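The file entry.txt contains compact mmCIF, C-alpha atoms:
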# COMPACT_ATOMS: atom_id res chain seq x y z
CA MET O 289 -54.01 47.17 -22.38
CA SER O 290 -53.04 43.51 -22.50
CA ASP O 291 -51.60 41.65 -19.53
CA ARG O 292 -48.37 40.97 -21.45
CA LEU O 293 -47.90 44.69 -22.14
CA GLN O 294 -48.55 45.58 -18.49
CA ILE O 295 -45.93 43.09 -17.33
CA GLY O 296 -43.44 44.48 -19.87
CA LEU O 297 -44.00 48.04 -18.64
CA LEU O 298 -43.59 46.89 -15.03
CA PHE O 299 -40.11 45.60 -15.80
CA LEU O 300 -39.14 48.54 -18.01
CA ALA O 301 -40.21 51.26 -15.56
CA PRO O 302 -37.22 50.94 -13.17
CA VAL O 303 -34.83 50.82 -16.12
CA ALA O 304 -36.36 53.95 -17.62
CA LEU O 305 -36.18 55.72 -14.24
CA LEU O 306 -32.49 54.91 -13.78
CA ALA O 307 -31.74 55.96 -17.37
CA GLY O 308 -33.48 59.28 -16.82
CA LEU O 309 -31.61 59.95 -13.56
CA TYR O 310 -28.32 59.09 -15.24
CA ALA O 311 -29.06 61.45 -18.14
CA LEU O 312 -29.82 64.29 -15.71
CA GLY O 313 -26.74 63.56 -13.62
CA LEU O 314 -28.80 62.62 -10.59
CA SER O 315 -28.62 59.60 -8.26
CA ILE O 316 -30.82 57.85 -5.73
CA PRO O 317 -29.60 58.43 -2.16
CA VAL O 318 -28.61 55.21 -0.37
CA PRO O 319 -29.21 54.96 3.39
CA SER O 320 -25.90 55.07 5.30
CA LEU O 321 -27.17 52.99 8.23
CA GLY O 322 -24.76 50.09 8.77
CA ARG O 323 -22.38 51.09 5.98
CA GLY O 324 -19.73 52.12 8.51
CA TYR O 325 -19.45 48.64 10.00
CA VAL O 326 -16.83 46.32 8.58
CA VAL O 327 -16.16 42.75 9.70
CA LYS O 328 -12.47 41.85 9.45
CA LEU O 329 -11.10 38.32 9.74
CA GLN O 330 -7.37 37.85 10.21
CA LEU O 331 -6.35 34.93 8.03
CA PRO O 332 -2.84 33.48 7.73
CA GLY O 333 -1.03 34.27 4.50
CA ALA O 334 -0.04 31.58 2.05
CA GLY O 335 2.34 29.18 3.70
CA GLU O 336 1.95 30.85 7.10
CA LEU O 337 0.63 29.29 10.30
CA ARG O 338 -1.08 30.74 13.30
CA ASP O 339 0.87 30.72 16.54
CA LEU O 340 2.03 27.19 17.25
CA PRO O 341 0.30 25.48 20.19
CA GLU O 342 2.02 25.02 23.53
CA ILE O 343 3.91 21.79 24.10
CA LEU O 344 3.03 20.29 27.47
CA GLY O 345 4.92 17.69 29.48
CA PRO O 346 8.64 17.19 30.17
CA GLU O 347 10.97 20.04 29.18
CA ASP O 348 13.15 17.57 27.35
CA ASN O 349 13.18 17.64 23.56
CA SER O 350 14.40 14.05 23.47
CA ARG O 351 11.02 12.90 24.79
CA PRO O 352 8.55 11.85 22.06
CA LEU O 353 5.95 14.40 21.01
CA VAL O 354 2.33 13.43 20.29
CA VAL O 355 0.15 15.97 18.48
CA ILE O 356 -3.58 15.42 19.03
CA ASP O 357 -6.03 16.93 16.58
CA ALA O 358 -9.65 17.47 17.63
CA GLY O 359 -11.53 17.60 14.35
CA HIS O 360 -13.73 20.49 13.20
CA GLY O 361 -14.34 23.47 15.53
CA GLY O 362 -15.74 26.98 15.37
CA PRO O 363 -18.33 27.42 12.60
CA ASP O 364 -17.47 23.91 11.36
CA GLY O 365 -19.45 21.75 13.75
CA GLY O 366 -19.02 18.49 11.85
CA ALA O 367 -21.74 15.88 12.18
CA SER O 368 -24.70 16.48 14.49
CA ALA O 369 -27.69 14.48 15.63
CA SER O 370 -30.00 14.23 18.64
CA GLY O 371 -28.54 17.36 20.20
CA TYR O 372 -24.92 16.13 19.97
CA VAL O 373 -22.31 18.00 17.91
CA GLU O 374 -19.16 16.31 16.67
CA LYS O 375 -16.79 19.22 17.39
CA ASP O 376 -17.72 19.15 21.10
CA ILE O 377 -17.50 15.38 21.50
CA VAL O 378 -14.10 15.06 19.82
CA LEU O 379 -12.65 17.98 21.77
CA GLY O 380 -13.63 16.23 24.98
CA LEU O 381 -11.90 13.05 23.80
CA ALA O 382 -8.78 14.97 22.72
CA LEU O 383 -8.49 16.73 26.08
CA ALA O 384 -8.98 13.43 27.92
CA LEU O 385 -6.23 11.79 25.85
CA ARG O 386 -3.92 14.74 26.52
CA ASP O 387 -4.55 14.52 30.25
CA ARG O 388 -3.96 10.77 30.32
CA LEU O 389 -0.66 11.01 28.46
CA LEU O 390 0.53 13.81 30.76
CA GLU O 391 -0.61 11.89 33.83
CA ASP O 392 1.48 8.88 32.87
CA GLY O 393 4.46 11.14 32.13
CA GLY O 394 7.44 10.81 29.83
CA VAL O 395 5.62 12.06 26.72
CA ARG O 396 5.22 15.59 25.40
CA VAL O 397 1.80 16.58 24.07
CA ALA O 398 0.36 19.39 21.94
CA LEU O 399 -3.17 19.96 20.60
CA THR O 400 -4.16 21.64 17.36
CA ARG O 401 -7.04 23.22 19.28
CA THR O 402 -8.03 23.33 22.94
CA ASP O 403 -11.26 25.27 22.55
CA ASP O 404 -14.05 25.90 20.05
CA SER O 405 -11.78 27.48 17.46
CA PHE O 406 -11.53 26.86 13.73
CA VAL O 407 -8.30 25.40 12.32
CA VAL O 408 -7.77 25.16 8.58
CA LEU O 409 -7.49 21.52 7.51
CA GLN O 410 -4.01 21.85 6.05
CA GLU O 411 -2.76 23.60 9.19
CA ARG O 412 -3.48 20.59 11.37
CA VAL O 413 -0.75 18.40 9.93
CA ALA O 414 1.45 21.45 9.29
CA VAL O 415 1.40 22.20 13.03
CA ALA O 416 2.63 18.68 13.78
CA GLN O 417 5.35 19.02 11.15
CA LYS O 418 6.52 22.39 12.46
CA LEU O 419 6.67 21.03 16.00
CA GLY O 420 8.58 17.94 14.87
CA ALA O 421 5.95 15.52 16.19
CA ASP O 422 6.64 11.81 16.42
CA VAL O 423 2.97 10.83 16.07
CA PHE O 424 -0.18 12.58 14.85
CA VAL O 425 -3.64 11.46 16.03
CA SER O 426 -6.78 13.09 14.63
CA ILE O 427 -10.04 12.41 16.48
CA HIS O 428 -13.46 12.57 14.82
CA ALA O 429 -16.97 11.13 15.11
CA ASP O 430 -18.57 9.39 12.14
CA SER O 431 -22.03 9.76 10.59
CA ALA O 432 -24.14 7.60 8.29
CA ALA O 433 -27.57 7.58 6.66
CA ASN O 434 -28.07 4.19 8.30
CA VAL O 435 -28.86 5.04 11.93
CA ASP O 436 -27.95 1.49 12.95
CA ALA O 437 -24.29 1.99 11.95
CA THR O 438 -22.21 1.79 15.11
CA GLY O 439 -18.70 1.50 16.44
CA ALA O 440 -15.30 3.14 16.17
CA THR O 441 -13.00 2.90 13.15
CA ILE O 442 -9.33 3.74 12.63
CA TYR O 443 -8.20 5.22 9.32
CA THR O 444 -4.78 5.34 7.70
CA LEU O 445 -3.82 6.81 4.33
CA ASP O 446 -4.42 4.37 1.47
CA ASP O 447 -1.95 3.24 -1.21
CA GLU O 448 -3.45 5.29 -4.02
CA ALA O 449 -3.47 8.44 -1.94
CA SER O 450 0.07 7.73 -0.80
CA ASP O 451 1.28 7.61 -4.39
CA ALA O 452 -0.54 10.85 -5.21
CA VAL O 453 0.78 12.53 -2.09
CA ALA O 454 4.33 11.46 -2.89
CA ALA O 455 4.02 12.89 -6.40
CA ARG O 456 2.56 16.18 -5.19
CA PHE O 457 5.16 16.40 -2.46
CA ALA O 458 8.05 15.99 -4.92
CA GLU O 459 6.50 18.52 -7.31
CA ARG O 460 5.74 21.08 -4.59
CA GLU O 461 9.15 20.92 -3.03
CA ASN O 462 10.73 20.86 -6.50
CA ALA O 463 13.46 18.58 -5.16
CA ALA O 464 14.88 21.40 -3.05
CA ASP O 465 14.15 20.36 0.55
CA THR O 466 15.23 17.49 2.75
CA LEU O 467 13.40 14.26 3.41
CA ASN O 468 14.34 12.44 6.60
CA GLY O 469 17.63 14.29 6.70
CA VAL O 470 18.54 13.56 3.05
CA GLN O 471 18.89 16.55 0.74
CA LEU O 472 16.72 16.14 -2.34
CA GLY O 473 17.44 17.66 -5.70
CA THR O 474 21.07 16.57 -5.83
CA ARG O 475 20.62 13.01 -7.07
CA GLY O 476 18.28 13.37 -10.00
CA GLU O 477 14.52 12.91 -10.28
CA ALA O 478 14.61 9.10 -10.35
CA VAL O 479 16.54 8.81 -7.06
CA ASP O 480 14.44 11.51 -5.40
CA SER O 481 11.28 9.65 -6.43
CA ILE O 482 12.63 6.47 -4.85
CA LEU O 483 13.47 8.31 -1.59
CA VAL O 484 9.99 9.79 -1.42
CA ASP O 485 8.39 6.41 -2.13
CA LEU O 486 10.47 4.62 0.50
CA SER O 487 9.68 7.27 3.11
CA GLN O 488 5.96 7.09 2.34
CA ARG O 489 5.98 3.31 2.59
CA ARG O 490 7.76 3.44 5.95
CA VAL O 491 5.31 6.01 7.37
CA LYS O 492 2.34 4.07 5.98
CA GLY O 493 3.60 0.89 7.62
CA ASP O 494 4.19 2.67 10.93
CA SER O 495 0.70 4.22 10.78
CA LEU O 496 -0.89 0.83 10.19
CA ARG O 497 1.10 -0.66 13.08
CA LEU O 498 -0.15 2.11 15.38
CA ALA O 499 -3.74 1.60 14.18
CA ARG O 500 -3.49 -2.11 14.98
CA LEU O 501 -2.16 -1.31 18.45
CA VAL O 502 -5.14 0.99 19.11
CA LEU O 503 -7.44 -1.81 18.01
CA ARG O 504 -5.67 -4.33 20.26
CA GLU O 505 -5.51 -2.08 23.32
CA GLY O 506 -9.09 -0.95 22.81
CA GLU O 507 -10.49 -4.46 22.94
CA GLY O 508 -12.96 -4.56 25.81
CA ARG O 509 -12.68 -0.79 26.29
CA ILE O 510 -13.87 0.64 22.97
CA ARG O 511 -16.86 -0.52 20.93
CA PHE O 512 -15.46 -1.01 17.43
CA HIS O 513 -17.17 -1.27 14.07
CA SER O 514 -17.27 -4.73 12.48
CA ALA O 515 -14.63 -3.49 10.00
CA PRO O 516 -12.53 -1.25 12.26
CA LEU O 517 -9.36 -0.81 10.16
CA ARG O 518 -9.83 1.29 7.03
CA ALA O 519 -7.81 3.36 4.55
CA ALA O 520 -8.90 6.52 2.77
CA ASP O 521 -7.59 9.57 0.94
CA LEU O 522 -7.86 11.91 3.94
CA ALA O 523 -6.16 15.30 3.72
CA VAL O 524 -5.44 15.41 7.43
CA LEU O 525 -3.30 12.25 7.13
CA LYS O 526 -1.16 13.49 4.27
CA SER O 527 2.19 13.70 6.04
CA LEU O 528 5.51 12.17 5.05
CA GLU O 529 7.37 12.74 8.30
CA MET O 530 5.34 10.91 10.94
CA PRO O 531 2.85 8.07 11.44
CA SER O 532 -0.68 9.44 11.40
CA ILE O 533 -4.06 7.91 12.18
CA LEU O 534 -7.60 9.24 12.19
CA PHE O 535 -9.74 7.77 14.97
CA GLU O 536 -13.47 7.84 14.23
CA SER O 537 -14.79 7.38 17.76
CA GLY O 538 -18.26 6.18 16.75
CA TYR O 539 -21.39 7.21 14.88
CA ILE O 540 -23.00 10.37 16.16
CA THR O 541 -26.04 9.49 14.02
CA ASN O 542 -26.56 6.38 16.16
CA ALA O 543 -28.42 7.38 19.33
CA ALA O 544 -26.67 4.82 21.54
CA ASP O 545 -23.25 5.67 20.10
CA ALA O 546 -23.79 9.41 20.54
CA GLU O 547 -24.84 9.04 24.16
CA ARG O 548 -21.85 6.81 24.85
CA LEU O 549 -19.40 9.15 23.08
CA ALA O 550 -20.53 12.09 25.21
CA SER O 551 -20.08 10.20 28.49
CA ALA O 552 -17.18 10.64 30.91
CA ALA O 553 -16.82 6.86 31.15
CA ASN O 554 -16.22 6.59 27.40
CA ARG O 555 -13.71 9.42 27.47
CA ARG O 556 -11.74 7.59 30.16
CA ALA O 557 -11.89 4.22 28.41
CA THR O 558 -10.98 5.65 25.00
CA SER O 559 -8.13 7.81 26.29
CA ASP O 560 -6.74 4.88 28.32
CA ALA O 561 -6.70 2.60 25.28
CA ILE O 562 -5.20 5.09 22.83
CA ALA O 563 -2.64 6.32 25.37
CA ARG O 564 -1.51 2.76 26.02
CA ALA O 565 -1.25 2.04 22.30
CA LEU O 566 0.81 5.21 21.78
CA ARG O 567 3.19 4.30 24.60
CA ILE O 568 3.72 0.80 23.25
CA TYR O 569 4.33 2.18 19.76
CA LEU O 570 6.76 4.87 20.96
CA ALA O 571 8.61 2.44 23.22
CA THR O 572 9.03 0.05 20.30
CA GLU O 573 10.32 2.90 18.12
CA GLN O 574 12.91 3.85 20.76
CA VAL O 575 14.14 0.26 21.05
CA GLU O 576 14.42 -0.14 17.28
CA GLY O 577 16.14 3.21 16.94
CA SER O 578 18.71 2.56 19.67

Would it be possible to restate this file's structure as structure tokens?
Amino acid sequence: MSDRLQIGLLFLAPVALLAGLYALGLSIPVPSLGRGYVVKLQLPGAGELRDLPEILGPEDNSRPLVVIDAGHGGPDGGASASGYVEKDIVLGLALALRDRLLEDGGVRVALTRTDDSFVVLQERVAVAQKLGADVFVSIHADSAANVDATGATIYTLDDEASDAVAARFAERENAADTLNGVQLGTRGEAVDSILVDLSQRRVKGDSLRLARLVLREGEGRIRFHSAPLRAADLAVLKSLEMPSILFESGYITNAADAERLASAANRRATSDAIARALRIYLATEQVEGS
């Protein structure tokens, strides 16, 4: 018998066995061990959010609200190198920033996560929107193939993404909701498009102003990248209602950066700088709005 024929019979034997069992109305018993265990994960339905986080600080809704987002979490660890994991580092920075803002007083604060839990990307901004936040700050740690890459960067949403977001926003809402207190859908598509564009431009400008304040207040406190201000199409920044920045605290793939990011001294310096920038920004907003 040739080798080719033997191989053919080897593959055909199980098929012939199953066909014979089927013809006789028989079946192969399957072990029941483990079949009674079911893993269930409770996921939010479409358009639903988990319980909103607690708002800390003054019990006065007129006080500005800052929502801090610690990136990643749970099974999503983010970048990792040399024993450091991004989700842990950024949570430490987020908690330090929360504590500093509460210590100075006068500002309300909420976090998208306060522990090692997983938060769906779209929920992070949605939480800030539901809470009516005045500012949204997402904290991450960068990574690069070049291990010499170092320093913090501050991201805002770029022009191209802003246009795309505005278009998707108008389509999703179908001109039926309000934008900054103005009811859409009653003025025609052209006017609604202008309102969306103007709102996006205002928020983009406010976000860039906040990013520049973080850069200014962080001078001498935070080690920045040589090109610290950047723009990108980041889903977590896609919000029309509030200024939003993403703070990349440094490169976890750089040994010196990673060690610095994990230190208590860096948490203090970073939280001091960002907290000061936020207070200056919010104070300016209150003066302009009065």

Find the spatial neighbours of segment 498-509 of chain O, counting all atoms listed in the file, within a cut-off of 9 Å - ignore same-chain residues fewer than 5 positions away - and output them as a count of residues only.
24

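Proximity ranking of O:Gly380, O:Gly420, O:Pro346, O:Gly366 relative to Leu549 of chain O places O:Gly380 first, based on all atoms listed in the file.
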
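Candidate residues O:Pro341, O:Glu391, O:Leu381, O:Arg511 were compared for distance to Ser551 of chain O, and the nearest is O:Leu381, using all atoms listed in the file.
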
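Interatomic distance, atom CA of Gly362 of chain O to atom CA of Ser405 of chain O: 4.5 Å.
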
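Of the listed residues (O:Leu300, O:Ala553, O:Val407, O:Ile540), O:Ile540 comes nearest to Gly371 of chain O; the distances count only C-alpha atoms.
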
Nearest to Ser431 of chain O: which of O:Ala367, O:Leu496, O:Val415, O:Leu383 is it, counting all atoms listed in the file?
O:Ala367

O:Ala398, O:Ile510, O:Ala307, O:Leu390 ranked by distance to Leu419 of chain O, top pick (using only C-alpha atoms):
O:Ala398

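Distances to Ser514 of chain O were evaluated for O:Ala437, O:Asn349, O:Arg489, O:Ser495 using all atoms listed in the file, and the minimum falls at O:Ala437.
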
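With atom CA of Ile356 of chain O on one side and atom CA of Thr402 of chain O on the other, the separation reads 9.9 Å.
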
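Computed from the coordinates, the atom CA of Ala520 of chain O to atom CA of Asp446 of chain O distance equals 5.1 Å.
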
Find the spatial neighbours of Met530 of chain O, counting only C-alpha atoms, within a cut-off of 10 Å - ignore same-chain residues fewer than 6 positions away - and output them as a ChimeraX atom specification.
/O:413,416-417,420-424,487-488,490-492,494-495

Since we have the selection now, will you write its residues out, keeping C-alpha atoms, as a PDB file, in the coordinates of the input?
ATOM      1  CA  VAL O 413      -0.750  18.400   9.930  1.00  0.00           C
ATOM      2  CA  ALA O 416       2.630  18.680  13.780  1.00  0.00           C
ATOM      3  CA  GLN O 417       5.350  19.020  11.150  1.00  0.00           C
ATOM      4  CA  GLY O 420       8.580  17.940  14.870  1.00  0.00           C
ATOM      5  CA  ALA O 421       5.950  15.520  16.190  1.00  0.00           C
ATOM      6  CA  ASP O 422       6.640  11.810  16.420  1.00  0.00           C
ATOM      7  CA  VAL O 423       2.970  10.830  16.070  1.00  0.00           C
ATOM      8  CA  PHE O 424      -0.180  12.580  14.850  1.00  0.00           C
ATOM      9  CA  SER O 487       9.680   7.270   3.110  1.00  0.00           C
ATOM     10  CA  GLN O 488       5.960   7.090   2.340  1.00  0.00           C
ATOM     11  CA  ARG O 490       7.760   3.440   5.950  1.00  0.00           C
ATOM     12  CA  VAL O 491       5.310   6.010   7.370  1.00  0.00           C
ATOM     13  CA  LYS O 492       2.340   4.070   5.980  1.00  0.00           C
ATOM     14  CA  ASP O 494       4.190   2.670  10.930  1.00  0.00           C
ATOM     15  CA  SER O 495       0.700   4.220  10.780  1.00  0.00           C
TER      16      SER O 495
END

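The point (0.3, 26.2, 16.2) has these residues within 9 Å of it when all atoms listed in the file are used: Leu337, Arg338, Asp339, Leu340, Pro341, Glu342, Ala398, Leu399, Thr400, Arg401, Glu411, Arg412, Ala414, Val415, Ala416, Lys418 and Leu419 of chain O.
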